[in-house]
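Enquirer: The following block contains the structure, expressed as structure tokens.
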Amino acid sequence: MTEVLLLGRRAVREVVRLPAATIPTLFIPLFFLAVNIGQISMTFPSTTPFLHGQGYVGFQLPVSMMFAVCTATSGLALVTEIELGYFDKLLVAPIRRSSMIFGRLSADLVRGLAVATLVLLVALAFGMKVRSGVGGALVLIVLAALWGVAYAGIGMLVALHTRNVQATNASFLVFFPLLFLTPNFVPFEKLTPLMEALARANPVSYVIEGLRSLVLEGWVLHKLAICFGVILLTGLVLTWLSVRAIDNYDR
Amino acid sequence: MTSPQAGDSPSAIQARGLRRTFKGEIDAVREIDLDVAAGEVFGFLGPNGAGKTTTVRMLCTLLPPTAGSARVLGIDVLADPGAVRRRIGVALQEIGLDPVQTGRELLELQCGLYGITGSTARARVQELLELVGLVDAAERRTKTYSGGMKRRLDLASALVHAPEVLFLDEPTTGLDPASRLTIWEEVRRINAQGTTVFLTTQYLEEADQLCDRLAIIDEGLIVSRGTPEQLKSQLGHDVVSVTLDGADVAATKAAIGELPGLERVVAERDALALYVEDGPGSIAEIVRRLDGEQIRVGAISVSRPSLDDVFLQATGRRLEGREEHRERELQSA
């Protein structure tokens, strides 16, 4: 546990000292939030049934949050370490290899909490209200950050398997189909049948639905349970695969 | 520098039939045997791609052997890699530093990974920073360090837990002469404190200066081993270096002709290296012959065979970097 804390503290320090690695990841979600609200809010006024009396910003916020927390930052940090040789230095230390993964994930959690909070504050500035209250807003931030932690496994897996910066950077693109084959602009029932089928088969949809319920509907426990379940399962699978990849590294 | 012979003390490192084959059936290391005695500086000399780094990576548990076995401090590297890691220090060819951390933070983290914490860690970090002369740069991020400073910090980070065996993979490659000398001094000091040092190098002078014993590796095989002096004396001849100073190479070679006891002539850059049985005894005859042909040369010097000659004898090729070494020899002659 100590080694995870040590490596986590180092990874967090890296996040703080390299803001240039985090700030660009905020630009796209905030840009999309502003543009989507500007373009679509007239089409879907607050009287629209699926908005539950809120503006369209409340509907879009979870998507922007997901955009902000899903990065390949940890994967890139890992592959950079491999290229620089520091990775070998850690491998030859008497620590569990998995602690290198968990150390990175702890930085993802801190980064996720920070960027999710920032995106939420921007949405509040647009006049959005969180129906589930302050507690719900905190849960919203934590769930979004946890999704970022779960998703970080993709970047780390690519980093460990390819040991290539370009490939790891490109792994971010995986999120586009995952994010856009969802009810991101309109609810399930407003999608075309094919899109609805694809969206219902996409687990990311249920994460968005859970986050969105906190903003628009209040405490809808079954949606939150499914959301948390998807995050947990995704996190367990991807982290297990990452740990396996690092355990088998050069073996 | 201590001078144990293999067999005087228990092996710090032992390998039997160690082999590593990479994808594509590339044999990086081909069944090598090693015995490194506790307390010695053992050198692994060879050109790029000879298998030095692969051997080090297997010995320090980073890479499993394809075949054979290796023990470090009596512990099987495959059966109990964790126990090996706790007792060794490693500074690999690629300097393993985190550019975002300061020198002090990096050493403190390294201490933590070896279970050294609190005031003990702080004291140890300060001690190491002083040892490698980086106290003034300790609060700077390592990305601002020069190559020599990075190498010294990397060395310090390999020493936080006072390892019993220290692996140094080409510790001075890419360093300027002054930094190289500093690293040599550190290696000697570390060894004097009882640490066994396994050092790979492609520099002849480094192997000659630092190592109690060495093995020459080429194309994955150990082709020769012994103390530097043993290896050189096995050749049994002297080297007469003739600095041409503008004289024609072919004419000079022709003038020297079939010198008594001459085994081989190697043309260097602006010099000839004559391998003769009796160097001092040949000087007069060489001068007489050159004078007879009215060939004026810069200087003539005699030296004992170098490790480069040993490498040539063992592999039929010169080792990269030999010119630099030869130049130093000629300059010092």
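Ordering of the structure tokens sets the chain letters (A, B, ...); residue numbers start at 1 within each chain; ligands are numbered from 1 in the order shown.
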Find the spatial neighbours of region 89-97 of chain B, counting only C-alpha atoms, within a cut-off of 10 Å - ignore same-chain residues fewer than 3 positions away - and output them as a ChimeraX atom specification.
Expert: /A:81-90,92-93 /B:53,56-57,60,84-86,100-103,106-107,142-143,147,150-173,195,197-201
Enquirer: Any chance you could export the current selection's C-alpha atoms as a short mmCIF file (atom, residue, chain, number, x, y, z; two decimals), in the first residue's frame?
Expert:
data_model
loop_
_atom_site.label_atom_id
_atom_site.label_comp_id
_atom_site.auth_asym_id
_atom_site.auth_seq_id
_atom_site.Cartn_x
_atom_site.Cartn_y
_atom_site.Cartn_z
CA GLU A 81 8.44 6.41 -18.69
CA ILE A 82 9.11 3.32 -20.78
CA GLU A 83 10.89 5.41 -23.40
CA LEU A 84 12.92 7.32 -20.81
CA GLY A 85 13.98 4.19 -18.95
CA TYR A 86 12.39 5.19 -15.62
CA PHE A 87 9.91 2.35 -16.06
CA ASP A 88 12.80 -0.15 -15.86
CA LYS A 89 14.02 1.59 -12.72
CA LEU A 90 10.63 0.95 -11.12
CA VAL A 92 13.74 -3.47 -10.78
CA ALA A 93 12.65 -2.03 -7.42
CA THR B 53 22.74 -5.24 -21.85
CA VAL B 56 22.53 -7.44 -17.34
CA ARG B 57 18.76 -7.38 -17.80
CA CYS B 60 18.84 -8.10 -12.54
CA VAL B 84 17.25 -10.42 -5.74
CA ARG B 85 15.84 -6.93 -6.30
CA ARG B 86 16.03 -6.08 -2.61
CA VAL B 100 9.34 16.10 -13.58
CA GLN B 101 10.80 15.37 -10.15
CA THR B 102 13.66 17.14 -8.46
CA GLY B 103 16.82 15.23 -7.66
CA LEU B 106 13.54 11.23 -6.92
CA LEU B 107 15.94 9.87 -4.31
CA THR B 142 16.09 16.45 -13.27
CA LYS B 143 15.20 17.55 -16.80
CA GLY B 147 24.23 14.29 -18.95
CA LYS B 150 21.87 12.70 -14.65
CA ARG B 151 24.27 9.78 -14.68
CA ARG B 152 25.49 10.63 -11.17
CA LEU B 153 21.93 10.95 -9.86
CA ASP B 154 21.02 7.65 -11.51
CA LEU B 155 24.00 6.07 -9.77
CA ALA B 156 22.92 7.58 -6.46
CA SER B 157 19.40 6.23 -6.92
CA ALA B 158 20.85 2.75 -7.39
CA LEU B 159 22.64 3.09 -4.05
CA VAL B 160 19.84 4.21 -1.72
CA HIS B 161 19.55 0.80 -0.06
CA ALA B 162 23.32 0.09 0.03
CA PRO B 163 23.08 -2.82 -2.41
CA GLU B 164 25.44 -5.76 -2.13
CA VAL B 165 25.76 -6.03 -5.90
CA LEU B 166 25.68 -3.05 -8.22
CA PHE B 167 24.96 -3.47 -11.92
CA LEU B 168 26.21 -0.64 -14.12
CA ASP B 169 25.32 -0.89 -17.78
CA GLU B 170 27.66 1.33 -19.77
CA PRO B 171 27.80 3.93 -17.01
CA THR B 172 29.97 6.41 -18.90
CA THR B 173 28.64 6.13 -22.44
CA THR B 195 29.96 -3.67 -3.01
CA VAL B 197 30.25 -4.23 -9.17
CA PHE B 198 29.21 -5.78 -12.47
CA LEU B 199 30.03 -3.25 -15.15
CA THR B 200 29.46 -3.39 -18.87
CA THR B 201 31.45 -1.17 -21.13
#
Enquirer: Which residues come within 10 Å of Ala50 (chain B), counting only C-alpha atoms, excluding same-chain residues fewer than 6 positions away, as a short mmCIF file (atom, residue, chain, number, x, y, z; two decimals) with N, CA, C and O atoms, in the first residue's frame?
Expert:
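Output file selection.cif is given in full below:
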data_model
loop_
_atom_site.label_atom_id
_atom_site.label_comp_id
_atom_site.auth_asym_id
_atom_site.auth_seq_id
_atom_site.Cartn_x
_atom_site.Cartn_y
_atom_site.Cartn_z
N ALA B 28 20.57 -13.21 -28.72
CA ALA B 28 21.30 -12.06 -28.16
C ALA B 28 22.42 -12.53 -27.24
O ALA B 28 23.50 -11.98 -27.22
N VAL B 29 22.12 -13.56 -26.46
CA VAL B 29 23.11 -14.15 -25.56
C VAL B 29 23.05 -15.66 -25.76
O VAL B 29 21.98 -16.26 -25.72
N PHE B 44 32.37 -6.40 -18.26
CA PHE B 44 31.81 -7.13 -19.40
C PHE B 44 32.07 -6.23 -20.59
O PHE B 44 31.39 -5.22 -20.78
N GLN B 202 31.98 -0.51 -23.36
CA GLN B 202 32.60 -0.71 -24.66
C GLN B 202 33.91 0.07 -24.74
O GLN B 202 34.52 0.17 -25.80
N ILE B 216 35.27 -10.80 -22.17
CA ILE B 216 35.01 -10.14 -23.46
C ILE B 216 33.88 -10.89 -24.13
O ILE B 216 33.95 -12.12 -24.29
N ILE B 217 32.84 -10.16 -24.47
CA ILE B 217 31.68 -10.78 -25.11
C ILE B 217 31.55 -10.26 -26.53
O ILE B 217 31.74 -9.07 -26.80
N ASP B 218 31.27 -11.17 -27.42
CA ASP B 218 31.08 -10.79 -28.82
C ASP B 218 30.03 -11.71 -29.42
O ASP B 218 30.12 -12.93 -29.28
N GLU B 219 29.05 -11.12 -30.06
CA GLU B 219 27.95 -11.86 -30.68
C GLU B 219 27.34 -12.88 -29.73
O GLU B 219 27.07 -14.02 -30.11
N GLY B 220 27.16 -12.46 -28.48
CA GLY B 220 26.45 -13.29 -27.51
C GLY B 220 27.27 -14.35 -26.84
O GLY B 220 26.74 -15.13 -26.05
N LEU B 221 28.56 -14.41 -27.14
CA LEU B 221 29.42 -15.43 -26.54
C LEU B 221 30.59 -14.79 -25.82
O LEU B 221 31.12 -13.78 -26.29
N ILE B 222 30.97 -15.38 -24.69
CA ILE B 222 32.18 -14.91 -24.02
C ILE B 222 33.37 -15.53 -24.75
O ILE B 222 33.48 -16.76 -24.85
#
Enquirer: Mind checking which residues fall within 7 Å of Trp147 (chain A), counting only C-alpha atoms, ignoring those fewer than 4 positions away in the same chain, and posting them as an MDAnalysis selection string?
Expert: chainID A and resid 143 151 231
Enquirer: Keeping N, CA, C and O atoms, export the residues of the selection given above as a compact mmCIF listing (two decimals), in the first residue's frame.
Expert:
# COMPACT_ATOMS: atom_id res chain seq x y z
N LEU A 143 -18.62 10.22 -9.44
CA LEU A 143 -18.89 9.19 -10.44
C LEU A 143 -18.16 9.49 -11.75
O LEU A 143 -17.60 8.58 -12.38
N TYR A 151 -11.70 4.30 -17.29
CA TYR A 151 -11.35 4.43 -18.71
C TYR A 151 -9.83 4.50 -18.91
O TYR A 151 -9.32 4.10 -19.97
N ILE A 231 -19.49 1.47 -14.25
CA ILE A 231 -18.17 2.05 -13.94
C ILE A 231 -17.30 1.01 -13.22
O ILE A 231 -16.13 0.80 -13.57
Enquirer: Just the number, please: distance in Å from CA of Phe185 (chain A) to CA of Gly155 (chain A), one decimal.
Expert: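 CA of Gly155 (chain A) lies 26.3 Å from CA of Phe185 (chain A).
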Enquirer: Just checking: using only C-alpha atoms, which residue out of A:Ile95, A:Leu146, A:Gln54, A:Gly8 ends up closest to chain B?
Expert: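 Under the stated criterion, the closest residue is A:Ile95.
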Enquirer: Tell me, as a list of chain:residue names, which residues lie within 9 Å of Ala107 (chain A), counting only C-alpha atoms; anything in the same chain fewer than 4 positions away does not count.
Expert: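 Contacts, with the query itself left out: A:Gly8, A:Arg9, A:Arg10, A:Ala11, A:Val12, A:Arg13, A:Glu14, A:Val15, A:Ser74, A:Phe102, A:Gly103, A:Arg111, A:Gly112, A:Val149.
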Enquirer: Report, in Å with one decimal, the straight-line distance from CA of Ala37 (chain B) to CA of Leu312 (chain B).
Expert: 26.7 Å
Enquirer: Just the number, please: distance in Å from CA of Val142 (chain A) to CA of Leu179 (chain A), one decimal.
Expert: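 Separation between CA of Val142 (chain A) and CA of Leu179 (chain A): 18.9 Å.
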Enquirer: Find the residues near region 193-201 of chain A: any atom within 6 Å, counting only C-alpha atoms, skip ones fewer than 3 places away on the same chain, and give them as a PyMOL selection string.
Expert: chain A and resi 181-182+188
Enquirer: Residues of region 78-221 of chain A in helix (DSSP H, G or I) according to DSSP, as a PyMOL selection string?
Expert: chain A and resi 78-84+86-91+98-125+133-162+165-180+188-190+193-201+203-216+221
Enquirer: Choose the residue, out of A:Met42, A:Leu26, A:Leu191, A:Ala77, that has the smallest atom-to-atom separation from chain B; count only C-alpha atoms.
Expert: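 The closest residue to chain B is A:Ala77.
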Enquirer: Restricting the calculation to only C-alpha atoms: of A:Arg17, A:Ala245, A:Ala34, A:Ala152, which residue gets closest to chain B?
Expert: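 Selected residue with least distance to chain B: A:Arg17.
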Enquirer: Nearest to chain B among A:Val186, A:Ala114, A:Ile246, A:Val237, with distances taken over only C-alpha atoms: which residue is it?
Expert: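 Closest residue, counting only C-alpha atoms: A:Ile246.
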